[in-house]
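Novice: One structure, as structure tokens, below. Some questions next.
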Amino acid sequence: MPTYPHLPESIRSLSEALSSLPSLGPRQSLRLAFYLSQRDPENLKRLSQDLINVGELKTCGQCFFIHEDKNQVLCPICRDPGRNNKQIAFIEKETELLALEQTAQYRGRYLLLGPLEKNGLLNDLQRSRMQTLKKFIVQELGSSADEILIALSPTRYGDHYADIIKKEFSTLAKRVTRLGRGLPRGGEIEFADDETLGASLEGRN
Ligand SMILES: [Zn+2]
């Protein structure tokens, strides 16, 4: 952030914080900070409370999705006895998990991988999440899940990851499937409509 004469310290500090967010450059951050300075203070208080609240969310110990119940290790999806815990879908982003839930056609569980690496290799966090799932399958499912569903977007990186997951889990699941039919090549799951996603779930192989 360049130093400007007459730039109030609070604006400078806020714009610096904003510029650490994805896809916000220094100039846009500065503009946004000035914009926010003109908002109703009550509005801003709510915004700051929202920021504090999302900072206090917990990560599920099994699927790594976030949830609000501080007294629970697992999220409501993993705790739901009505769901099939022998069926596990690999997901990249939280928003994609929500999109699959929206279809109401998938009743298994998830493993949230986090952003795929552009080199197509697992990072340490993803490696440890996969280890957690392997342990779960060995200890809780007698070393055999019914299905590992690779619900990663059909992009080049998604394909790399799909290969790794197939290799790692082929002996730990009766079948390893991938979302496919209906999703445009290179398209992202979070932008697919319910119907397309639903068809893709049905047509997985
Ligand atoms: Zn969970």
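Residue names in the structure tokens use chain letters A, B, ... in the order shown, residue numbers from 1 in each chain, and ligand numbers from 1 in the order shown.
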Using only C-alpha atoms and all ligand atoms, what are the residues with an atom within 12 Å of ligand 1, set out as a ChimeraX atom specification?

Specialist: /A:58-69,72-80,83,85,88-89,94,97,108-112,129,133

Novice: So which residues of region 55-144 of chain A fall under alpha helix (DSSP H) by DSSP, listed as a ChimeraX atom specification?

Specialist: /A:55,76-79,94-103,124-140

Novice: Between CA of Asp124 (chain A) and CA of Leu51 (chain A), what is the distance, to one decimal in Å?

Specialist: 27.1 Å

Novice: Write out as a list in words all residues of region 15-96 of chain A that backbone DSSP assigns to strand (DSSP E).

Specialist: Lys58, Thr59, Ile66, His67, Gln87, Ile88, Ala89, Phe90 and Ile91 of chain A

Novice: Would you output that residue set with N, CA and C atoms, as a JSON list (two decimals), in the first residue's frame?

Specialist:
```
[["chain", "number", "residue", "atom", "x", "y", "z"],
["A", 58, "LYS", "N", -16.70, -23.70, 13.74],
["A", 58, "LYS", "CA", -15.84, -24.87, 13.96],
["A", 58, "LYS", "C", -15.74, -25.71, 12.70],
["A", 59, "THR", "N", -14.64, -26.42, 12.55],
["A", 59, "THR", "CA", -14.48, -27.33, 11.43],
["A", 59, "THR", "C", -14.80, -28.75, 11.90],
["A", 66, "ILE", "N", -17.68, -26.63, 7.82],
["A", 66, "ILE", "CA", -17.77, -25.84, 9.04],
["A", 66, "ILE", "C", -19.18, -25.91, 9.63],
["A", 67, "HIS", "N", -19.26, -25.71, 10.93],
["A", 67, "HIS", "CA", -20.57, -25.72, 11.60],
["A", 67, "HIS", "C", -20.54, -24.81, 12.83],
["A", 87, "GLN", "N", -21.16, -44.02, 2.19],
["A", 87, "GLN", "CA", -21.05, -43.38, 0.88],
["A", 87, "GLN", "C", -20.42, -42.00, 1.12],
["A", 88, "ILE", "N", -19.26, -41.77, 0.54],
["A", 88, "ILE", "CA", -18.54, -40.53, 0.85],
["A", 88, "ILE", "C", -18.16, -39.80, -0.43],
["A", 89, "ALA", "N", -18.56, -38.53, -0.49],
["A", 89, "ALA", "CA", -18.28, -37.73, -1.68],
["A", 89, "ALA", "C", -17.11, -36.78, -1.42],
["A", 90, "PHE", "N", -16.15, -36.79, -2.33],
["A", 90, "PHE", "CA", -15.05, -35.84, -2.27],
["A", 90, "PHE", "C", -15.49, -34.53, -2.93],
["A", 91, "ILE", "N", -15.29, -33.45, -2.19],
["A", 91, "ILE", "CA", -15.75, -32.14, -2.62],
["A", 91, "ILE", "C", -14.60, -31.15, -2.51]]
```

Novice: Smallest atom-to-atom distance to Phe191 (chain A): which of A:Glu140, A:Ser128, A:Leu100, A:Arg107, using only C-alpha atoms?

Specialist: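 When distances to Phe191 (chain A) are compared using only C-alpha atoms, the smallest one comes from A:Leu100.
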
Novice: Between CA of Gly82 (chain A) and CA of Arg175 (chain A), what is the distance in Å, rounded to a tenth?

Specialist: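 Separation of CA of Gly82 (chain A) and CA of Arg175 (chain A): 21.5 Å.
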
Novice: Would you compute the distance between CA of Tyr161 (chain A) and CA of Leu57 (chain A)? Give it in Å to one decimal.

Specialist: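 Interatomic distance here is 27.6 Å.
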
Novice: Might you pull out every residue within 8 Å of Arg156 (chain A), with only C-alpha atoms counted and same-chain residues fewer than 3 positions away left off, and present them as a PyMOL selection string?

Specialist: chain A and resi 159-160+186

Novice: With only C-alpha atoms as the atoms that count, which of A:Thr95, A:Ser37, A:Thr132, A:Gln105 lies nearest to Arg12 (chain A)?

Specialist: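 When distances to Arg12 (chain A) are compared using only C-alpha atoms, the smallest one comes from A:Ser37.
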
Novice: Find the residue from A:Ala33, A:Leu149, A:Ala192, A:Leu172 that sits nearest to Phe136 (chain A); use only C-alpha atoms when measuring.

Specialist: A:Leu172

Novice: I want to know what sits within 12 Å of Arg185 (chain A), based on only C-alpha atoms, with residues of the same chain fewer than 3 positions away left out; could you give that as an mmCIF file with C-alpha atoms, in the first residue's frame?

Specialist:
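Final output, selection_17.cif:
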```
data_model
loop_
_atom_site.group_PDB
_atom_site.id
_atom_site.type_symbol
_atom_site.label_atom_id
_atom_site.label_comp_id
_atom_site.auth_asym_id
_atom_site.auth_seq_id
_atom_site.Cartn_x
_atom_site.Cartn_y
_atom_site.Cartn_z
ATOM 1 C CA LEU A 152 -14.870 -32.615 -8.246
ATOM 2 C CA SER A 153 -15.427 -30.224 -11.121
ATOM 3 C CA PRO A 154 -14.470 -31.664 -14.537
ATOM 4 C CA THR A 155 -11.376 -29.515 -14.975
ATOM 5 C CA ARG A 156 -7.775 -30.522 -15.619
ATOM 6 C CA TYR A 157 -6.967 -30.211 -11.896
ATOM 7 C CA GLY A 158 -10.116 -32.121 -11.020
ATOM 8 C CA ASP A 159 -8.948 -34.949 -13.298
ATOM 9 C CA LEU A 179 -19.790 -37.063 -11.311
ATOM 10 C CA GLY A 180 -19.827 -36.747 -15.037
ATOM 11 C CA ARG A 181 -22.726 -36.679 -17.412
ATOM 12 C CA GLY A 182 -24.295 -33.293 -17.974
ATOM 13 C CA GLU A 188 -17.691 -25.825 -11.995
ATOM 14 C CA ILE A 189 -20.132 -27.725 -9.835
ATOM 15 C CA ALA A 192 -24.454 -25.956 -12.310
#
```

Novice: Write out as a list in words each polymer residue whose atoms come within 10 Å of Leu125 (chain A), counting only C-alpha atoms; drop sequence neighbours fewer than 4 positions from it.

Specialist: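 Near Leu125 (chain A), the qualifying residues are Leu113, Gly114, Arg129, Met130 and Gln131 of chain A.
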
Novice: Which of these residues is nearest to Pro2 (chain A), using only C-alpha atoms: A:Val138, A:Leu18, A:Leu30, A:Leu121?

Specialist: A:Leu30

Novice: With only C-alpha atoms as the counted atoms, please give the residues lying no more than 10 Å from Gly25 (chain A), apart from itself and same-chain residues fewer than 4 positions off, as JSON, numbers by chain.

Specialist: {"A": [1, 15, 16, 18, 19, 20, 21, 29, 30]}

Novice: Kindly save the residues from that selection, with N, CA and C atoms included, as a PDB file, in the first residue's frame.

Specialist:
```pdb
ATOM      1  N   MET A   1       0.856  -1.208   0.000  1.00  0.00           N
ATOM      2  CA  MET A   1       0.000   0.000   0.000  1.00  0.00           C
ATOM      3  C   MET A   1       0.882   1.245   0.000  1.00  0.00           C
ATOM      4  N   SER A  15      -8.086  -0.681   4.479  1.00  0.00           N
ATOM      5  CA  SER A  15      -7.839  -1.064   3.083  1.00  0.00           C
ATOM      6  C   SER A  15      -6.697  -2.074   2.999  1.00  0.00           C
ATOM      7  N   GLU A  16      -5.767  -1.986   3.928  1.00  0.00           N
ATOM      8  CA  GLU A  16      -4.686  -2.968   3.951  1.00  0.00           C
ATOM      9  C   GLU A  16      -5.258  -4.351   4.287  1.00  0.00           C
ATOM     10  N   LEU A  18      -8.332  -5.337   3.771  1.00  0.00           N
ATOM     11  CA  LEU A  18      -9.153  -5.788   2.637  1.00  0.00           C
ATOM     12  C   LEU A  18      -8.287  -6.319   1.503  1.00  0.00           C
ATOM     13  N   SER A  19      -7.111  -5.702   1.313  1.00  0.00           N
ATOM     14  CA  SER A  19      -6.274  -6.104   0.174  1.00  0.00           C
ATOM     15  C   SER A  19      -5.684  -7.500   0.370  1.00  0.00           C
ATOM     16  N   SER A  20      -5.808  -8.043   1.600  1.00  0.00           N
ATOM     17  CA  SER A  20      -5.328  -9.414   1.809  1.00  0.00           C
ATOM     18  C   SER A  20      -6.368 -10.434   1.350  1.00  0.00           C
ATOM     19  N   LEU A  21      -7.575  -9.954   0.997  1.00  0.00           N
ATOM     20  CA  LEU A  21      -8.627 -10.875   0.541  1.00  0.00           C
ATOM     21  C   LEU A  21      -8.397 -11.235  -0.925  1.00  0.00           C
ATOM     22  N   SER A  29      -9.219  -1.993  -2.845  1.00  0.00           N
ATOM     23  CA  SER A  29      -9.365  -2.057  -1.389  1.00  0.00           C
ATOM     24  C   SER A  29      -9.523  -0.657  -0.816  1.00  0.00           C
ATOM     25  N   LEU A  30      -8.740   0.258  -1.342  1.00  0.00           N
ATOM     26  CA  LEU A  30      -8.806   1.634  -0.861  1.00  0.00           C
ATOM     27  C   LEU A  30     -10.176   2.229  -1.187  1.00  0.00           C
TER      28      LEU A  30
END
```

Novice: Which is closer to Lys70 (chain A) than all the others in A:Asn205, A:Asn53, A:Gly120, A:Asn43, using only C-alpha atoms?

Specialist: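 Ranking A:Asn205, A:Asn53, A:Gly120, A:Asn43 by distance to Lys70 (chain A), first place goes to A:Asn53.
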